[in-house]
Amino acid sequence: MQAVFRLHKVTKRYGTREVLNVEELTIPGRKIYAFLGPNGSGKTTLLRIIALLHKNTTGKVEVLGEEVVWSQEQTLRLRRQMAMVTQTSFMFEGTVAANVAYGLRVRGQRGQEVKRRVEEVLDLVGMTSFIKNDTRGLSGGERQKVAIARALAVKPKVLFLDEPTANIDPRSSVEIERYIKIVNEELNTTIIIVTHNLFQARRLADQIHFMWDGKIIESGTSLEMFQSPQDKRTRLFLVGDAVY
Amino acid sequence: MEIIIDGLKQGFQLIWSLDPEILQITLVSLQVSLTALLLAGIMGIPTGAALALKDIRGKRAILNIIYTFMGLPPVLAGLIVYLALTTRGPLGQYQLLFTPTAMIIAQLLLAFPIVAGLTARAVMSQQQEVYDTAVTLGASLRQAAWTIIKESRIGIIAALTTALGRVIAEVGAVMMVGGNIQGSTRVLTTSIVLETRMGNDSRAIAIGIILLAIAFGIIMIINTVEKRSFKYASGIQIT
């Protein structure tokens, strides 16, 4: 089966500082994959490389079965099969509807088709009543839900979530996690989530990759990682976070 | 004080009576300054945006030159255009000196750096997130750039209004390249100078009021057109 992402000897350097060094990584797809690790462990850098936002310094990256050559045509074509929700969920100036419609409009869709899809995805995240609202008045949780709807509007094969609940209250977090599950199970969307919240990783992820100092030091199912972590650093992180 | 009050009274009377000469001067002023602003917008907004978004060689040096020209003294702009358009100048053959076209060129020279420089700053002040959000939602580079420019529109409108304030109020450049010819290149600012020198205070005040009213009117039109942006701009509530 074709993997959604495949990385071979991928590094990322800023000047002389190496922030990422992944020997091998294969993400088969369809499930929820979490990259877990402390701040500065390279998980967001890795996410941005596979989301085609950052170029890798060395190595080979394959996205949706294609080796990434960073041509404008290929980058656009591949990016259009994926979508991302970031920690701060930036909103363009305007209404919720305009934001959710953005991805559809850049793909040339107009009229009723867009309206229908916007209503559909806002309904999925329980935000239909906000459709005409100005995004400026939204709370953190509401913004995040709109950001998820906006990403889902384009029916992505892969949805990237970068610390999706880092700035929001526990109740909204639970709700957002529920939508993430729905998206994965009902829409068959591959979910790649970056988080330093190990409880969230445990609740959501089928597969966890633990990162430390730019490297993936341990990978396994959620159960394996939490019940019998092999690496000392993973154990330390799990214990430290559990105390917190 | 009396002279000012009398001047104001007579000034309003002149405006009310639609003095044909003042009307003609007003129209020339509007034609020259708005054309210069339009051209500055057409050239300055893409230039500023390109400087902010593209990896152009010598970008910092170009921006420094633009920022320096933002403070270009109008008489110097007038001198540059005068030297270019004079019969012995490189563009002398077109016989543009002492025409409204020469005045438009001079005002364009003043407005362009302001529009380009402030647009570049407005676009550069946008967060990386705008670009990231646009492209991860499937925008092409061109669409993402357009989105960033749209998100910078408050700053771009500020650039246009600043440029308008600069060109409509300047006197040095238009005086040098226009010559203040009655019925042809006389504009509001050069008229104020002339009328004051001739002791016609009321006419000078009348023209001054018109100048202020025009600037206010144009700014109001721009604000109305971009009402939404300004609504956002006042989004910070200080208590």
# chains A, B, ... in the order shown; residues from 1 in each chain; ligands from 1
>>> select_by_dssp(residues="range 17-231 of chain B", states="alpha helix (DSSP H)", output="ChimeraX atom specification")
/B:20-53,59-70,74-85,100-124,128-136,141-151,153-169,172-178,188-197,201-225,227-231
>>> select_by_dssp(residues="range 52-152 of chain A", states="strand (DSSP E or B)", output="ChimeraX atom specification")
/A:58-63,66-67,82-85,95,134
>>> interface_residues(of="chain A", to="chain B", cutoff="7 Å", atoms="only C-alpha atoms", output="PDB file with N, CA and C atoms, in the first residue's frame")
ATOM      1  N   LEU A  76       1.899  23.018  -5.291  1.00  0.00           N
ATOM      2  CA  LEU A  76       0.490  23.442  -5.254  1.00  0.00           C
ATOM      3  C   LEU A  76      -0.445  22.235  -5.347  1.00  0.00           C
ATOM      4  N   ARG A  79      -0.207  20.301  -2.055  1.00  0.00           N
ATOM      5  CA  ARG A  79      -0.797  21.064  -0.951  1.00  0.00           C
ATOM      6  C   ARG A  79      -2.324  21.067  -1.027  1.00  0.00           C
ATOM      7  N   ARG A  80      -2.839  21.031  -2.259  1.00  0.00           N
ATOM      8  CA  ARG A  80      -4.299  21.077  -2.419  1.00  0.00           C
ATOM      9  C   ARG A  80      -4.977  19.780  -1.999  1.00  0.00           C
ATOM     10  N   ALA A  83      -4.550  19.930   4.311  1.00  0.00           N
ATOM     11  CA  ALA A  83      -4.946  21.182   4.952  1.00  0.00           C
ATOM     12  C   ALA A  83      -4.356  21.203   6.355  1.00  0.00           C
ATOM     13  N   MET A  84      -4.235  22.396   6.920  1.00  0.00           N
ATOM     14  CA  MET A  84      -3.599  22.501   8.233  1.00  0.00           C
ATOM     15  C   MET A  84      -4.376  23.404   9.177  1.00  0.00           C
ATOM     16  N   PHE A  90      -5.062  31.299  12.597  1.00  0.00           N
ATOM     17  CA  PHE A  90      -5.190  32.637  12.019  1.00  0.00           C
ATOM     18  C   PHE A  90      -6.479  32.738  11.204  1.00  0.00           C
ATOM     19  N   GLU A  93      -9.445  38.527   7.687  1.00  0.00           N
ATOM     20  CA  GLU A  93     -10.453  39.525   8.040  1.00  0.00           C
ATOM     21  C   GLU A  93     -11.742  39.211   7.292  1.00  0.00           C
ATOM     22  N   GLY A 103     -10.625  28.250   0.976  1.00  0.00           N
ATOM     23  CA  GLY A 103      -9.981  27.153   0.241  1.00  0.00           C
ATOM     24  C   GLY A 103     -10.752  26.749  -1.009  1.00  0.00           C
ATOM     25  N   VAL A 106     -10.177  29.623  -3.735  1.00  0.00           N
ATOM     26  CA  VAL A 106      -8.891  29.588  -4.435  1.00  0.00           C
ATOM     27  C   VAL A 106      -8.814  28.416  -5.418  1.00  0.00           C
ATOM     28  N   ALA A 151     -10.558  23.970   7.149  1.00  0.00           N
ATOM     29  CA  ALA A 151      -9.649  22.966   6.596  1.00  0.00           C
ATOM     30  C   ALA A 151     -10.433  21.805   5.968  1.00  0.00           C
TER      31      ALA A 151
END
>>> closest_residue(among="A:Leu236, A:Val96, A:Val10, A:Ala51", to="Lys215 in chain A", atoms="only C-alpha atoms")
A:Val10
>>> atom_distance(atom1="CA of Ile45 in chain B", atom2="CA of Thr119 in chain B")
6.0 Å
>>> residues_around(residues="Leu46 in chain A", least_positions_apart="6", cutoff="10 Å", atoms="only C-alpha atoms", output="PyMOL selection string")
chain A and resi 7+10-12+19-22+35+52-54+56+194+211+214-215
>>> write_last_selection(atoms="N, CA and C atoms", output="PDB file, in the first residue's frame")
ATOM      1  N   LEU A   7       9.849   9.481   4.632  1.00  0.00           N
ATOM      2  CA  LEU A   7      11.046  10.324   4.752  1.00  0.00           C
ATOM      3  C   LEU A   7      12.275   9.437   4.833  1.00  0.00           C
ATOM      4  N   VAL A  10      16.221  12.599   6.251  1.00  0.00           N
ATOM      5  CA  VAL A  10      15.830  14.017   6.110  1.00  0.00           C
ATOM      6  C   VAL A  10      16.407  14.854   7.243  1.00  0.00           C
ATOM      7  N   THR A  11      17.070  15.928   6.849  1.00  0.00           N
ATOM      8  CA  THR A  11      17.563  16.865   7.866  1.00  0.00           C
ATOM      9  C   THR A  11      17.068  18.270   7.535  1.00  0.00           C
ATOM     10  N   LYS A  12      17.060  19.094   8.570  1.00  0.00           N
ATOM     11  CA  LYS A  12      16.762  20.510   8.386  1.00  0.00           C
ATOM     12  C   LYS A  12      17.757  21.285   9.236  1.00  0.00           C
ATOM     13  N   VAL A  19      18.151  21.191  13.278  1.00  0.00           N
ATOM     14  CA  VAL A  19      16.956  21.113  14.127  1.00  0.00           C
ATOM     15  C   VAL A  19      16.152  19.839  13.878  1.00  0.00           C
ATOM     16  N   LEU A  20      16.495  19.144  12.793  1.00  0.00           N
ATOM     17  CA  LEU A  20      15.776  17.906  12.497  1.00  0.00           C
ATOM     18  C   LEU A  20      16.706  16.912  11.824  1.00  0.00           C
ATOM     19  N   ASN A  21      16.590  15.661  12.245  1.00  0.00           N
ATOM     20  CA  ASN A  21      17.380  14.614  11.623  1.00  0.00           C
ATOM     21  C   ASN A  21      16.595  13.307  11.719  1.00  0.00           C
ATOM     22  N   VAL A  22      15.868  13.012  10.650  1.00  0.00           N
ATOM     23  CA  VAL A  22      15.017  11.814  10.650  1.00  0.00           C
ATOM     24  C   VAL A  22      15.629  10.793   9.698  1.00  0.00           C
ATOM     25  N   PHE A  35       2.812  13.304  16.747  1.00  0.00           N
ATOM     26  CA  PHE A  35       4.222  13.563  17.026  1.00  0.00           C
ATOM     27  C   PHE A  35       4.262  14.235  18.383  1.00  0.00           C
ATOM     28  N   LEU A  52       4.781  20.702   3.310  1.00  0.00           N
ATOM     29  CA  LEU A  52       5.404  21.453   2.205  1.00  0.00           C
ATOM     30  C   LEU A  52       5.459  22.965   2.476  1.00  0.00           C
ATOM     31  N   LEU A  53       5.664  23.306   3.740  1.00  0.00           N
ATOM     32  CA  LEU A  53       5.849  24.721   4.088  1.00  0.00           C
ATOM     33  C   LEU A  53       7.328  25.051   4.263  1.00  0.00           C
ATOM     34  N   HIS A  54       8.113  24.070   4.643  1.00  0.00           N
ATOM     35  CA  HIS A  54       9.567  24.233   4.792  1.00  0.00           C
ATOM     36  C   HIS A  54      10.278  23.235   3.893  1.00  0.00           C
ATOM     37  N   ASN A  56      13.291  20.751   3.185  1.00  0.00           N
ATOM     38  CA  ASN A  56      14.300  20.013   3.956  1.00  0.00           C
ATOM     39  C   ASN A  56      15.687  20.361   3.424  1.00  0.00           C
ATOM     40  N   VAL A 194       0.489  17.317  15.990  1.00  0.00           N
ATOM     41  CA  VAL A 194       1.698  17.633  16.744  1.00  0.00           C
ATOM     42  C   VAL A 194       1.250  18.164  18.088  1.00  0.00           C
ATOM     43  N   MET A 211       9.509  12.447  19.796  1.00  0.00           N
ATOM     44  CA  MET A 211      10.673  13.189  19.266  1.00  0.00           C
ATOM     45  C   MET A 211      11.457  13.845  20.386  1.00  0.00           C
ATOM     46  N   GLY A 214      15.326  16.834  17.812  1.00  0.00           N
ATOM     47  CA  GLY A 214      15.314  16.754  16.345  1.00  0.00           C
ATOM     48  C   GLY A 214      15.211  15.351  15.778  1.00  0.00           C
ATOM     49  N   LYS A 215      15.166  14.347  16.660  1.00  0.00           N
ATOM     50  CA  LYS A 215      15.127  12.954  16.166  1.00  0.00           C
ATOM     51  C   LYS A 215      13.878  12.236  16.659  1.00  0.00           C
TER      52      LYS A 215
END
>>> closest_residue(among="A:Asn184, A:Thr75, A:Thr88, A:Thr135", to="Lys31 in chain A", atoms="only C-alpha atoms")
A:Asn184
>>> residues_around(residues="range 171-177 of chain B", least_positions_apart="6", cutoff="8 Å", atoms="only C-alpha atoms", output="ChimeraX atom specification")
/B:74-79,81-82,97-99,102-103,106-107,189-190
>>> residues_around(residues="Gly37 in chain A", least_positions_apart="3", cutoff="8 Å", atoms="only C-alpha atoms", output="PyMOL selection string")
chain A and resi 41+43+195-196+210-212+237
>>> atom_distance(atom1="CA of Gly199 in chain B", atom2="CA of Ile4 in chain B")
12.7 Å
>>> atom_distance(atom1="CA of Thr161 in chain B", atom2="CA of Leu30 in chain B")
14.3 Å
>>> residues_around(residues="Ile131 in chain A", least_positions_apart="6", cutoff="9 Å", atoms="only C-alpha atoms", output="list of chain:residue names")
A:Thr95, A:Val96, A:Ala97, A:Ala98, A:Val118, A:Glu119, A:Leu122
>>> write_last_selection(atoms="N, CA and C atoms", output="compact mmCIF listing (two decimals), in the first residue's frame")
# COMPACT_ATOMS: atom_id res chain seq x y z
N THR A 95 -15.94 37.47 7.55
CA THR A 95 -16.88 36.63 8.29
C THR A 95 -16.38 35.18 8.40
N VAL A 96 -17.06 34.44 9.23
CA VAL A 96 -16.78 33.00 9.37
C VAL A 96 -16.98 32.32 8.01
N ALA A 97 -18.09 32.68 7.34
CA ALA A 97 -18.39 32.06 6.03
C ALA A 97 -17.26 32.33 5.03
N ALA A 98 -16.79 33.57 4.99
CA ALA A 98 -15.73 33.93 4.03
C ALA A 98 -14.46 33.14 4.32
N VAL A 118 -19.90 25.17 2.80
CA VAL A 118 -19.61 25.97 4.01
C VAL A 118 -20.60 25.60 5.11
N GLU A 119 -21.88 25.51 4.75
CA GLU A 119 -22.91 25.17 5.74
C GLU A 119 -22.69 23.76 6.29
N LEU A 122 -19.60 23.70 8.68
CA LEU A 122 -19.87 24.45 9.92
C LEU A 122 -20.85 23.66 10.79
>>> residues_around(residues="Val85 in chain A", least_positions_apart="5", cutoff="7 Å", atoms="only C-alpha atoms", output="PyMOL selection string")
chain A and resi 147-148+151+160-162+164
